[in-house]
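Structure, as structure tokens:
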Number of protein chains: 2
Amino acid sequence: MQAGDVELELQVGVAKAGKYATRESGDTLEMIERPNGGLSLVLVDGQRSGSAAKRISNLVARKAVSLLAEGVRDGAAARAAHDYLRTYRQGKVSAELHIVSLDLVTRTIVISRNSHCPVLVFHADSLQRLDAPSQAIGIHASTKPVITELRVAANTWVVAFTDGVLDAGHRLGSSLDVADLVASFIQEAEGDAPALADAILSRALELDQGRPQDDMSVLVLALLPDENIGGTRRMTVRFPVRPF
Amino acid sequence: MQAGDVELELQVGVAKAGKYATRESGDTLEMIERPNGGLSLVLVDGQRSGSAAKRISNLVARKAVSLLAEGVRDGAAARAAHDYLRTYRQGKVSAELHIVSLDLVTRTIVISRNSHCPVLVFHADSLQRLDAPSQAIGIHASTKPVITELRVAANTWVVAFTDGVLDAGHRLGSSLDVADLVASFIQEAEGDAPALADAILSRALELDQGRPQDDMSVLVLALLPDENIGGTRRMTVRFPVRPF
């Protein structure tokens with residue numbers, strides 16, 4: 001049996017928290033089914049925080065997912081989202097953009113970064129840190145994403161996050177080594193992709209003493225050997241609904 | 001303290017299975033954040049099954065979510081999805097469409113039906129069966145959705161499903177009373193919204209003896225008293241990835 005014959009399970013976990021004392025997170029995460037198979041996750045961190053940031057991140061995410069839903073390739077969707085934001089806000093407002101896709105046509109995971117935050121990839125106990133310099137979208141001419149393609153293979157974990165996680169604890173003189181946390185989580189088989197997203201967010205919140213200094217979002221995508229999940233697809237969402 | 005002052009938790013659970021011996025489900029479920037607050041879930045059952053049905057349901061879902069993401073109201077999005085499909089396929093192909101939204105501007109749950117399947121609403125132990133006659137989209141002129149708006153309130157459960165669930169067991173002379181299953185699940189506090197979606201799908205699969213006679217999708221949205229979830233938003237996805 002070849003590697004490609006193994007049945008796999010895709011797991012996605014997302015955990016988000018807003019900056020302390022703001023009404024909403026300025027980060028937006030959207031997911032869309034790819035028309036030819038697979039799915040794409042779009043994570044956008046709008047400049048600044050609160051509702052101004054939210055409007056920007058929502059605008060960018062919406063543009064990207066609508067193109068991806070039409071079958072536009074990831075790199076073109078990221079470029080279009082940039083052009084759109086730059087035109088709409090005249091190059092005055094930036095956003096950081098991640099697109100993480102499972103493409104079942106090419107049998108690859110496609111990771112597009114327009115962010116100063118690294119994306120971490122773990123495969124069979126080895127870490128690849130995707131941290132090539134890349135520009136935020138919305139400001140400069142001809143900004144393009146840094147794209148990495150990985151072959152679909154069992155025991156692959158992809159971890160993306162926004163700078164509220166990257167910088168957690170800085171104000172208090174501590175810092176979060178996400179790679180270290182992820183490595184021990186995977187090696188000690190502590191749980192699934194949603195549990196890992198939660199563990200990273202919890203640690204980031206802890207380092208900011210429960211008062212996040214910026215919007216925090218964590219996205220984990222994992223391809224694991226199938227544990228008899230059958231043919232069922234599942235999705236869950238949970239969030240707090242504030243009083244009037 | 002008034003009802004509106006209580007912190008609530010939104011829970012969404014989706015479970016989907018494809019018709020037996022087809023490569024993919026012809027149902028599509030997409031979720032999108034509403035630009036002014038809240039989220040919308042769009043569930044589409046394309047006519048027939050397999051890849052032809054999938055192309056139709058994907059097209060309709062994409063049109064609806066892209067409009068909802070721009071702030072278009074649910075009824076207008078459903079009408080537009082109808083007009084679009086009818087124009088595109090010249091009135092020859094139909095689809096059933098559900099839109100279930102949590103609208104945080106109006107503080108309502110908005111349920112739009114273009115389906116012969118009922119939507120079940122449970123609130124404080126009483127069942128409301130939303131089963132007013134409504135047309136599938138794509139065929140007739142001026143088709144519109146049947147819309148129900150419910151005030152946001154704790155202990156509200158909304159359950160929508162496609163006809164693979166409605167008709168489960170028919171071929172074998174049995175049938176599934178979803179309302180009965182939901183009522184006992186809620187009364188006996190058996191679990192959360194994802195667990196309820198799973199329970200309904202499992203029972204439907206059982207009645208078809210593990211060989212679903214049609215695509216089956218279940219969507220559960222629940223508003224429950226907050227159980228100390230804090231400010232974190234969470235999403236999870238799981239699905240099988242088949243070999244090449």
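So you can find residues: chains in the structure tokens are A, B, ... in the order shown, residues in each start at 1, and ligands are numbered from 1 in order.
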
For this session: Would you mind listing what lies within 12 Å of stretch 170-180 of chain B as a PyMOL selection string, with only C-alpha atoms counted and same-chain residues fewer than 6 positions away left out?
Result: chain B and resi 117-122+125-130+157-164+186-187+196-197+199-209+211-214+218

Exercise. Chain A residues within 9 Å of chain B, counting only C-alpha atoms: which ones, as a ChimeraX atom specification?
Worked result: /A:3-18,28-33,35,38,54-55,58-59,62-63,65-66,69-70,104,107,193-194,197-198,201,223,226,229-244

Exercise. Smallest atom-to-atom distance to A:His98: which of A:Leu150, A:Val42, A:Ala52, A:Ala81, using only C-alpha atoms?
Worked result: A:Val42

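Omitting A:Ser115 and its sequence neighbours fewer than 4 positions away, and counting only C-alpha atoms, the residues within 10 Å are Val44, Asp45, Ala95, Glu96, Leu97, His98, Val119, Asp131, Ala132, Pro133, Ser134, Gln135, Ala136, Ile137, Pro145, Val146, Phe161, Thr162 and Asp163 of chain A.
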
For this session: In Å, rounded to a single decimal, give me how far atom CA of A:Lys144 is from atom CA of A:His123.
Result: 26.4 Å

For this session: Would you list, as a ChimeraX atom specification, the residues of stretch 67-216 of chain A that end up in strand (DSSP E or B) under DSSP run on this structure's backbone?
Result: /A:95-103,108-114,119-123,126-130,137,146-151,156-161,216

Keeping only N, CA and C atoms, write those residues as a tab-separated table (two decimals), in the first residue's frame.
```tsv
chain	number	residue	atom	x	y	z
A	95	ALA	N	-3.50	45.01	6.02
A	95	ALA	CA	-4.04	43.83	6.70
A	95	ALA	C	-3.05	42.69	6.49
A	96	GLU	N	-2.99	41.78	7.45
A	96	GLU	CA	-2.19	40.58	7.26
A	96	GLU	C	-3.15	39.46	6.86
A	97	LEU	N	-2.71	38.69	5.89
A	97	LEU	CA	-3.58	37.68	5.29
A	97	LEU	C	-2.88	36.32	5.23
A	98	HIS	N	-3.56	35.31	5.75
A	98	HIS	CA	-3.13	33.92	5.58
A	98	HIS	C	-4.22	33.17	4.82
A	99	ILE	N	-3.83	32.37	3.86
A	99	ILE	CA	-4.77	31.42	3.27
A	99	ILE	C	-4.16	30.03	3.42
A	100	VAL	N	-4.90	29.13	4.06
A	100	VAL	CA	-4.45	27.74	4.20
A	100	VAL	C	-5.50	26.86	3.53
A	101	SER	N	-5.08	26.13	2.50
A	101	SER	CA	-6.02	25.33	1.72
A	101	SER	C	-5.62	23.87	1.68
A	102	LEU	N	-6.64	23.03	1.73
A	102	LEU	CA	-6.44	21.63	1.37
A	102	LEU	C	-7.02	21.50	-0.03
A	103	ASP	N	-6.14	21.29	-1.02
A	103	ASP	CA	-6.56	21.21	-2.41
A	103	ASP	C	-6.57	19.74	-2.83
A	108	THR	N	-2.48	18.70	-2.39
A	108	THR	CA	-1.50	19.47	-1.63
A	108	THR	C	-2.21	20.35	-0.59
A	109	ILE	N	-1.39	20.74	0.39
A	109	ILE	CA	-1.79	21.81	1.30
A	109	ILE	C	-1.08	23.05	0.78
A	110	VAL	N	-1.85	24.11	0.54
A	110	VAL	CA	-1.27	25.35	-0.01
A	110	VAL	C	-1.34	26.42	1.07
A	111	ILE	N	-0.19	26.98	1.41
A	111	ILE	CA	-0.12	27.99	2.47
A	111	ILE	C	0.35	29.30	1.85
A	112	SER	N	-0.49	30.33	1.92
A	112	SER	CA	-0.13	31.64	1.37
A	112	SER	C	-0.02	32.63	2.52
A	113	ARG	N	1.12	33.28	2.62
A	113	ARG	CA	1.36	34.22	3.72
A	113	ARG	C	1.57	35.64	3.20
A	114	ASN	N	0.79	36.58	3.76
A	114	ASN	CA	1.10	38.01	3.67
A	114	ASN	C	1.11	38.51	5.10
A	119	VAL	N	4.30	30.67	9.80
A	119	VAL	CA	3.40	29.51	9.86
A	119	VAL	C	4.28	28.31	10.17
A	120	LEU	N	3.83	27.48	11.11
A	120	LEU	CA	4.62	26.32	11.52
A	120	LEU	C	4.04	25.06	10.90
A	121	VAL	N	4.92	24.24	10.32
A	121	VAL	CA	4.48	22.98	9.75
A	121	VAL	C	5.25	21.85	10.43
A	122	PHE	N	4.53	20.89	10.98
A	122	PHE	CA	5.15	19.71	11.57
A	122	PHE	C	4.78	18.51	10.73
A	123	HIS	N	5.78	17.75	10.36
A	123	HIS	CA	5.50	16.50	9.67
A	123	HIS	C	6.47	15.45	10.18
A	126	SER	N	9.33	16.54	12.42
A	126	SER	CA	10.26	17.61	12.06
A	126	SER	C	9.50	18.91	11.80
A	127	LEU	N	10.11	20.00	12.23
A	127	LEU	CA	9.48	21.32	12.13
A	127	LEU	C	10.01	22.09	10.93
A	128	GLN	N	9.08	22.66	10.17
A	128	GLN	CA	9.44	23.58	9.11
A	128	GLN	C	8.81	24.92	9.49
A	129	ARG	N	9.65	25.96	9.55
A	129	ARG	CA	9.13	27.27	9.95
A	129	ARG	C	9.00	28.12	8.69
A	130	LEU	N	7.77	28.42	8.29
A	130	LEU	CA	7.56	29.23	7.09
A	130	LEU	C	7.59	30.70	7.52
A	137	ILE	N	-0.83	43.14	3.11
A	137	ILE	CA	-1.50	43.63	1.90
A	137	ILE	C	-2.06	45.03	2.14
A	146	VAL	N	3.75	34.89	-0.12
A	146	VAL	CA	4.77	33.84	-0.14
A	146	VAL	C	4.00	32.52	-0.03
A	147	ILE	N	4.17	31.67	-1.02
A	147	ILE	CA	3.37	30.45	-1.10
A	147	ILE	C	4.20	29.20	-0.89
A	148	THR	N	3.70	28.29	-0.09
A	148	THR	CA	4.36	27.00	0.13
A	148	THR	C	3.35	25.90	-0.17
A	149	GLU	N	3.76	24.92	-0.92
A	149	GLU	CA	2.89	23.78	-1.19
A	149	GLU	C	3.48	22.52	-0.59
A	150	LEU	N	2.66	21.78	0.13
A	150	LEU	CA	3.09	20.54	0.78
A	150	LEU	C	2.25	19.40	0.25
A	151	ARG	N	2.88	18.28	0.01
A	151	ARG	CA	2.13	17.12	-0.42
A	151	ARG	C	1.23	16.62	0.72
A	156	THR	N	0.62	15.44	9.33
A	156	THR	CA	1.05	16.81	9.01
A	156	THR	C	0.19	17.78	9.81
A	157	TRP	N	0.85	18.69	10.46
A	157	TRP	CA	0.13	19.72	11.24
A	157	TRP	C	0.56	21.09	10.72
A	158	VAL	N	-0.39	21.96	10.45
A	158	VAL	CA	-0.09	23.33	10.03
A	158	VAL	C	-0.69	24.28	11.06
A	159	VAL	N	0.14	25.19	11.57
A	159	VAL	CA	-0.31	26.10	12.63
A	159	VAL	C	-0.06	27.54	12.21
A	160	ALA	N	-1.13	28.32	12.09
A	160	ALA	CA	-1.03	29.74	11.74
A	160	ALA	C	-1.65	30.56	12.85
A	161	PHE	N	-1.14	31.78	13.04
A	161	PHE	CA	-1.70	32.63	14.11
A	161	PHE	C	-1.42	34.09	13.81
A	216	MET	N	-6.29	37.95	19.08
A	216	MET	CA	-5.54	36.69	18.99
A	216	MET	C	-6.37	35.67	18.22
```

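Minimum distance to A:Lys92 across A:Gly138, A:Gly26, A:Gly75, A:Gly50 (counting only C-alpha atoms) occurs at A:Gly138.
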
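You will find atom CA of A:Ser184 at 19.1 Å from atom CA of A:Ala168.
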
For this session: Using only C-alpha atoms, determine which residues lie at most 10 Å from B:Ala141, disregarding the query and same-chain residues fewer than 4 positions distant; provide the list as a ChimeraX atom specification.
Result: /B:82-83,86,91,137

Write the residues of the preceding selection, restricted to all heavy atoms, as a PDB file, in the first residue's frame.
```pdb
ATOM      1  N   HIS B  82     -32.308  31.969  -6.086  1.00  0.00           N
ATOM      2  CA  HIS B  82     -33.310  31.375  -6.977  1.00  0.00           C
ATOM      3  C   HIS B  82     -33.185  31.923  -8.405  1.00  0.00           C
ATOM      4  O   HIS B  82     -33.089  31.175  -9.378  1.00  0.00           O
ATOM      5  CB  HIS B  82     -34.719  31.639  -6.445  1.00  0.00           C
ATOM      6  CG  HIS B  82     -35.784  31.464  -7.488  1.00  0.00           C
ATOM      7  ND1 HIS B  82     -36.142  30.239  -7.983  1.00  0.00           N
ATOM      8  CD2 HIS B  82     -36.529  32.376  -8.178  1.00  0.00           C
ATOM      9  CE1 HIS B  82     -37.069  30.392  -8.917  1.00  0.00           C
ATOM     10  NE2 HIS B  82     -37.320  31.681  -9.052  1.00  0.00           N
ATOM     11  N   ASP B  83     -33.201  33.257  -8.508  1.00  0.00           N
ATOM     12  CA  ASP B  83     -33.142  33.883  -9.842  1.00  0.00           C
ATOM     13  C   ASP B  83     -31.884  33.448 -10.586  1.00  0.00           C
ATOM     14  O   ASP B  83     -31.908  33.180 -11.784  1.00  0.00           O
ATOM     15  CB  ASP B  83     -33.156  35.417  -9.713  1.00  0.00           C
ATOM     16  CG  ASP B  83     -34.486  35.944  -9.181  1.00  0.00           C
ATOM     17  OD1 ASP B  83     -35.504  35.248  -9.323  1.00  0.00           O
ATOM     18  OD2 ASP B  83     -34.489  37.051  -8.607  1.00  0.00           O
ATOM     19  N   ARG B  86     -32.181  29.794 -11.685  1.00  0.00           N
ATOM     20  CA  ARG B  86     -33.196  29.670 -12.745  1.00  0.00           C
ATOM     21  C   ARG B  86     -32.663  30.223 -14.067  1.00  0.00           C
ATOM     22  O   ARG B  86     -32.893  29.640 -15.131  1.00  0.00           O
ATOM     23  CB  ARG B  86     -34.464  30.418 -12.327  1.00  0.00           C
ATOM     24  CG  ARG B  86     -35.622  30.212 -13.294  1.00  0.00           C
ATOM     25  CD  ARG B  86     -36.944  30.600 -12.645  1.00  0.00           C
ATOM     26  NE  ARG B  86     -38.048  30.343 -13.557  1.00  0.00           N
ATOM     27  CZ  ARG B  86     -38.596  31.281 -14.338  1.00  0.00           C
ATOM     28  NH1 ARG B  86     -38.139  32.524 -14.319  1.00  0.00           N
ATOM     29  NH2 ARG B  86     -39.593  30.958 -15.146  1.00  0.00           N
ATOM     30  N   GLY B  91     -34.340  27.152 -15.689  1.00  0.00           N
ATOM     31  CA  GLY B  91     -35.527  26.612 -15.019  1.00  0.00           C
ATOM     32  C   GLY B  91     -35.623  25.099 -15.044  1.00  0.00           C
ATOM     33  O   GLY B  91     -36.675  24.531 -14.735  1.00  0.00           O
ATOM     34  N   ILE B 137     -36.057  26.157  -5.116  1.00  0.00           N
ATOM     35  CA  ILE B 137     -35.659  27.240  -6.017  1.00  0.00           C
ATOM     36  C   ILE B 137     -35.256  26.685  -7.387  1.00  0.00           C
ATOM     37  O   ILE B 137     -34.989  25.498  -7.532  1.00  0.00           O
ATOM     38  CB  ILE B 137     -34.511  28.082  -5.423  1.00  0.00           C
ATOM     39  CG1 ILE B 137     -33.234  27.253  -5.259  1.00  0.00           C
ATOM     40  CG2 ILE B 137     -34.921  28.678  -4.080  1.00  0.00           C
ATOM     41  CD1 ILE B 137     -32.011  28.095  -4.923  1.00  0.00           C
TER      42      ILE B 137
END
```
